[in-house]
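Asker: If you scroll down you'll find the structure; I have some questions about it.
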Amino acid sequence: MFKTIRSDVRAVFDNDPSARNTFEVIFTYSGLHALWSHRIAHWFFKRKLLTIARIISQINRFLTGIEIHPGAKIGQRLFIDHGMGVVIGETCEIGDDVVLYQGVTLGGTGKEKGKRHPTIGNNVVVSSGAKILGSFKVGDHSRVGANAVVLREVPEHSTVVGIPGKIVKQNGVRVSKLDHGNVPDPVQDVCRKLQDEIDALRSDLEAVKKSGGKQKDGIKSF
């Protein structure tokens with residue numbers, strides 16, 4: 001147990017440059033408190049003491065703003081940064097060394113039975129406000145951009161952005177885990193290309209006006 005606690009604290013220092021000392025991390029990081037409370041709730045859940053498990057999870061939600069169903073399976077060294085608004089569903093499975101930012105939802109898409117929440121691989125980063133909905137896997141070492149809505153499986157070493165989520169990088173150049181805002185935006189790329197085309201058309205129109213804009217009998221011809 002103490003080895004797990006030490007690894008959880010170490011994960012905070014590894015992922016948060018503002019962490020200054022162990023005392024501060026243990027007593028002020030809500031993501032850490034939520035994780036430890038979940039481990040207690042999950043212990044009761046596995047022993048079919050479901051009501052006690054749910055009560056603990058609801059107290060955890062009230063105190064931290066992070067809702068983790070006691071049935072969720074969470075690996076080692078999960079880091080929840082800030083954490084307010086994070087929701088993790090009952091059949092969700094999270095691997096080791098995963099980073100979740102505030103407002104992340106790992107949820108389902110309906111009232112289906114059985115496995116209905118996502119499986120998150122190892123070393124995955126899910127950025128602020130992202131929603132991963134459904135019973136599929138997000139592969140190891142993948143990154144989900146801020147506010148993305150992911151509805152289908154993500155291969156390993158991929159970067160996903162947009163609504164719905166689209167893979168914009170796979171097996172490409174590695175991006176720092178903490179640089180979760182520095183991901184490509186396909187919508188912005190399209191808008192930029194359209195603006196370039198509009199600027200080019202304006203330049204052509206100005207050129208036509210300058211070359212053929214002489215007055216003939218009071219009528220301007222082009």
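Letters A, B, ... mark the chains of the structure tokens in the order given; residue numbers begin at 1 per chain; ligand numbers begin at 1, in order shown.
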With a distance cut-off of 12 Å and only C-alpha atoms, select the neighbouring residues of A:Asn21, excluding the residue or stretch itself and same-chain residues fewer than 5 positions from it, and output the selection as a PDB file with all heavy atoms, in the first residue's frame.

Answerer:
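File written: around_19.pdb
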```
ATOM      1  N   VAL A   9       2.354   9.769  -5.503  1.00  0.00           N
ATOM      2  CA  VAL A   9       2.948  11.075  -5.227  1.00  0.00           C
ATOM      3  C   VAL A   9       4.043  11.389  -6.235  1.00  0.00           C
ATOM      4  O   VAL A   9       4.163  12.512  -6.736  1.00  0.00           O
ATOM      5  CB  VAL A   9       3.504  11.107  -3.788  1.00  0.00           C
ATOM      6  CG1 VAL A   9       4.290  12.397  -3.546  1.00  0.00           C
ATOM      7  CG2 VAL A   9       2.384  10.974  -2.769  1.00  0.00           C
ATOM      8  N   ARG A  10       4.834  10.388  -6.584  1.00  0.00           N
ATOM      9  CA  ARG A  10       5.898  10.575  -7.564  1.00  0.00           C
ATOM     10  C   ARG A  10       5.317  10.986  -8.927  1.00  0.00           C
ATOM     11  O   ARG A  10       5.912  11.814  -9.647  1.00  0.00           O
ATOM     12  CB  ARG A  10       6.671   9.266  -7.707  1.00  0.00           C
ATOM     13  CG  ARG A  10       7.891   9.300  -8.615  1.00  0.00           C
ATOM     14  CD  ARG A  10       8.986  10.105  -7.978  1.00  0.00           C
ATOM     15  NE  ARG A  10       9.092  11.446  -8.571  1.00  0.00           N
ATOM     16  CZ  ARG A  10       9.761  12.435  -8.053  1.00  0.00           C
ATOM     17  NH1 ARG A  10      10.383  12.283  -6.898  1.00  0.00           N
ATOM     18  NH2 ARG A  10       9.827  13.603  -8.639  1.00  0.00           N
ATOM     19  N   VAL A  12       2.767  12.829  -9.456  1.00  0.00           N
ATOM     20  CA  VAL A  12       2.455  14.263  -9.405  1.00  0.00           C
ATOM     21  C   VAL A  12       3.696  15.083  -9.730  1.00  0.00           C
ATOM     22  O   VAL A  12       3.657  16.002 -10.562  1.00  0.00           O
ATOM     23  CB  VAL A  12       1.895  14.648  -8.027  1.00  0.00           C
ATOM     24  CG1 VAL A  12       1.706  16.163  -7.941  1.00  0.00           C
ATOM     25  CG2 VAL A  12       0.582  13.943  -7.759  1.00  0.00           C
ATOM     26  N   PHE A  13       4.813  14.751  -9.097  1.00  0.00           N
ATOM     27  CA  PHE A  13       6.053  15.481  -9.363  1.00  0.00           C
ATOM     28  C   PHE A  13       6.508  15.308 -10.811  1.00  0.00           C
ATOM     29  O   PHE A  13       7.071  16.232 -11.408  1.00  0.00           O
ATOM     30  CB  PHE A  13       7.148  15.009  -8.407  1.00  0.00           C
ATOM     31  CG  PHE A  13       7.003  15.532  -7.008  1.00  0.00           C
ATOM     32  CD1 PHE A  13       6.548  14.715  -5.988  1.00  0.00           C
ATOM     33  CD2 PHE A  13       7.306  16.849  -6.714  1.00  0.00           C
ATOM     34  CE1 PHE A  13       6.403  15.195  -4.697  1.00  0.00           C
ATOM     35  CE2 PHE A  13       7.171  17.346  -5.425  1.00  0.00           C
ATOM     36  CZ  PHE A  13       6.715  16.513  -4.411  1.00  0.00           C
ATOM     37  N   ASP A  16       3.579  17.541 -12.920  1.00  0.00           N
ATOM     38  CA  ASP A  16       3.176  18.906 -12.572  1.00  0.00           C
ATOM     39  C   ASP A  16       4.386  19.715 -12.121  1.00  0.00           C
ATOM     40  O   ASP A  16       4.905  19.511 -11.022  1.00  0.00           O
ATOM     41  CB  ASP A  16       2.125  18.871 -11.463  1.00  0.00           C
ATOM     42  CG  ASP A  16       1.528  20.244 -11.205  1.00  0.00           C
ATOM     43  OD1 ASP A  16       1.989  21.232 -11.822  1.00  0.00           O
ATOM     44  OD2 ASP A  16       0.592  20.337 -10.391  1.00  0.00           O
ATOM     45  N   ILE A  26       0.447  15.924  -0.905  1.00  0.00           N
ATOM     46  CA  ILE A  26      -0.447  15.005  -0.189  1.00  0.00           C
ATOM     47  C   ILE A  26      -1.703  15.710   0.316  1.00  0.00           C
ATOM     48  O   ILE A  26      -2.803  15.160   0.256  1.00  0.00           O
ATOM     49  CB  ILE A  26       0.308  14.344   0.982  1.00  0.00           C
ATOM     50  CG1 ILE A  26       1.357  13.364   0.444  1.00  0.00           C
ATOM     51  CG2 ILE A  26      -0.664  13.611   1.918  1.00  0.00           C
ATOM     52  CD1 ILE A  26       2.226  12.744   1.510  1.00  0.00           C
ATOM     53  N   PHE A  27      -1.566  16.953   0.752  1.00  0.00           N
ATOM     54  CA  PHE A  27      -2.689  17.611   1.409  1.00  0.00           C
ATOM     55  C   PHE A  27      -3.465  18.571   0.520  1.00  0.00           C
ATOM     56  O   PHE A  27      -4.551  19.024   0.906  1.00  0.00           O
ATOM     57  CB  PHE A  27      -2.202  18.348   2.661  1.00  0.00           C
ATOM     58  CG  PHE A  27      -1.854  17.435   3.795  1.00  0.00           C
ATOM     59  CD1 PHE A  27      -0.539  17.064   4.016  1.00  0.00           C
ATOM     60  CD2 PHE A  27      -2.847  16.919   4.615  1.00  0.00           C
ATOM     61  CE1 PHE A  27      -0.216  16.209   5.055  1.00  0.00           C
ATOM     62  CE2 PHE A  27      -2.536  16.061   5.652  1.00  0.00           C
ATOM     63  CZ  PHE A  27      -1.217  15.696   5.876  1.00  0.00           C
ATOM     64  N   THR A  28      -2.978  18.894  -0.670  1.00  0.00           N
ATOM     65  CA  THR A  28      -3.682  19.893  -1.485  1.00  0.00           C
ATOM     66  C   THR A  28      -4.071  19.425  -2.880  1.00  0.00           C
ATOM     67  O   THR A  28      -4.744  20.172  -3.597  1.00  0.00           O
ATOM     68  CB  THR A  28      -2.830  21.175  -1.628  1.00  0.00           C
ATOM     69  OG1 THR A  28      -1.637  20.889  -2.385  1.00  0.00           O
ATOM     70  CG2 THR A  28      -2.446  21.719  -0.267  1.00  0.00           C
ATOM     71  N   TYR A  29      -3.673  18.237  -3.308  1.00  0.00           N
ATOM     72  CA  TYR A  29      -3.978  17.804  -4.674  1.00  0.00           C
ATOM     73  C   TYR A  29      -5.245  16.951  -4.693  1.00  0.00           C
ATOM     74  O   TYR A  29      -5.249  15.797  -4.264  1.00  0.00           O
ATOM     75  CB  TYR A  29      -2.784  17.044  -5.263  1.00  0.00           C
ATOM     76  CG  TYR A  29      -1.754  17.966  -5.876  1.00  0.00           C
ATOM     77  CD1 TYR A  29      -0.998  18.815  -5.080  1.00  0.00           C
ATOM     78  CD2 TYR A  29      -1.570  18.015  -7.256  1.00  0.00           C
ATOM     79  CE1 TYR A  29      -0.067  19.678  -5.629  1.00  0.00           C
ATOM     80  CE2 TYR A  29      -0.635  18.873  -7.821  1.00  0.00           C
ATOM     81  CZ  TYR A  29       0.106  19.709  -6.996  1.00  0.00           C
ATOM     82  OH  TYR A  29       1.024  20.559  -7.564  1.00  0.00           O
TER      83      TYR A  29
END
```

Asker: Among chain A, which ones does DSSP assign to helix (DSSP H, G or I) (computed from the backbone)? Answer as a PyMOL selection string.

Answerer: chain A and resi 2-15+22-28+30-46+50-64+186-212

Asker: Please provide the set of residues having any atom within 10 Å of stretch 35-47 of chain A, restricted to only C-alpha atoms, with same-chain residues fewer than 4 positions apart removed, written as a PDB file with C-alpha atoms, in the first residue's frame.

Answerer:
```pdb
ATOM      1  CA  THR A   4       1.490   2.537  -4.261  1.00  0.00           C
ATOM      2  CA  ILE A   5       1.079   5.792  -2.323  1.00  0.00           C
ATOM      3  CA  ASP A   8       1.113   8.160  -6.829  1.00  0.00           C
ATOM      4  CA  SER A  30      -7.622  16.839  -5.211  1.00  0.00           C
ATOM      5  CA  GLY A  31      -6.740  14.414  -8.010  1.00  0.00           C
ATOM      6  CA  THR A  51     -23.889   0.575  -1.343  1.00  0.00           C
ATOM      7  CA  ILE A  52     -20.844   1.349   0.795  1.00  0.00           C
ATOM      8  CA  ALA A  53     -18.757   1.691  -2.362  1.00  0.00           C
ATOM      9  CA  ARG A  54     -21.225   4.154  -3.905  1.00  0.00           C
ATOM     10  CA  ILE A  55     -21.454   6.204  -0.704  1.00  0.00           C
ATOM     11  CA  ILE A  56     -17.658   6.565  -0.642  1.00  0.00           C
ATOM     12  CA  SER A  57     -17.600   7.553  -4.325  1.00  0.00           C
ATOM     13  CA  GLN A  58     -20.303  10.191  -3.769  1.00  0.00           C
ATOM     14  CA  ILE A  59     -18.448  11.663  -0.793  1.00  0.00           C
ATOM     15  CA  ASN A  60     -15.353  11.680  -3.008  1.00  0.00           C
ATOM     16  CA  ARG A  61     -17.286  13.545  -5.691  1.00  0.00           C
ATOM     17  CA  ILE A  66     -14.185  14.278  -9.480  1.00  0.00           C
ATOM     18  CA  GLU A  67     -16.678  11.459 -10.088  1.00  0.00           C
ATOM     19  CA  ILE A  68     -15.192   7.968 -10.360  1.00  0.00           C
ATOM     20  CA  HIS A  69     -17.557   5.008 -10.309  1.00  0.00           C
ATOM     21  CA  PRO A  70     -16.291   2.426  -7.791  1.00  0.00           C
ATOM     22  CA  GLY A  71     -16.368  -0.238 -10.495  1.00  0.00           C
ATOM     23  CA  ALA A  72     -13.777   1.508 -12.683  1.00  0.00           C
ATOM     24  CA  LYS A  73     -10.393  -0.225 -12.939  1.00  0.00           C
ATOM     25  CA  ILE A  74      -7.459   2.171 -12.642  1.00  0.00           C
ATOM     26  CA  ARG A  77       0.401   6.377 -11.356  1.00  0.00           C
ATOM     27  CA  LEU A  78      -2.748   7.997 -12.727  1.00  0.00           C
ATOM     28  CA  PHE A  79      -2.394  11.791 -12.591  1.00  0.00           C
ATOM     29  CA  ILE A  80      -5.561  13.911 -12.600  1.00  0.00           C
TER      30      ILE A  80
END
```

Asker: Let's see if you can do this: from backbone DSSP, list all strand (DSSP E or B) residues in stretch 11-222 of chain A, as number ranges by chain.

Answerer: A: 67-68, 73-74, 79-80, 87-88, 93-94, 99-100, 105-107, 119-120, 125-126, 131-133, 137-138, 143-144, 149-150, 154, 158-161, 166-170, 215-216, 219-220

Asker: Can you tell me, as a list in words, what residues are no more than 8 Å from A:Lys169 when counting only C-alpha atoms, ignoring any on the same chain fewer than 5 positions away?

Answerer: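 Using only C-alpha atoms, the neighbours found are Ser158, Thr159 and Val160 of chain A.
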
Asker: Considering only C-alpha atoms, tabulate each residue of stretch 12-89 of chain A that lies at most 7 Å from stretch 97-106 of chain A along with its nearest interatomic pair and the corresponding distance in Å to one decimal; arrange the rows by chain and ascending residue number and present them as CSV.

Answerer:
```
residue,atom,partner,partner_atom,distance
A:Gln76,CA,A:Asp97,CA,6.3
A:Arg77,CA,A:Asp97,CA,5.0
A:Leu78,CA,A:Val98,CA,5.0
A:Phe79,CA,A:Val99,CA,4.9
A:Ile80,CA,A:Leu100,CA,4.8
A:Asp81,CA,A:Tyr101,CA,4.9
A:His82,CA,A:Gln102,CA,5.7
A:Gly83,CA,A:Gln102,CA,4.4
A:Met84,CA,A:Gln102,CA,5.3
A:Gly85,CA,A:Gly103,CA,4.4
A:Val86,CA,A:Val104,CA,4.8
A:Val87,CA,A:Thr105,CA,4.7
A:Ile88,CA,A:Leu106,CA,4.9
A:Gly89,CA,A:Leu106,CA,6.0
```

Asker: Find the residues around A:Pro155 up to 7 Å (only C-alpha atoms counted), leave out those fewer than 2 positions away in its own chain, and share them as a PyMOL selection string.

Answerer: chain A and resi 138-139+153+157-158
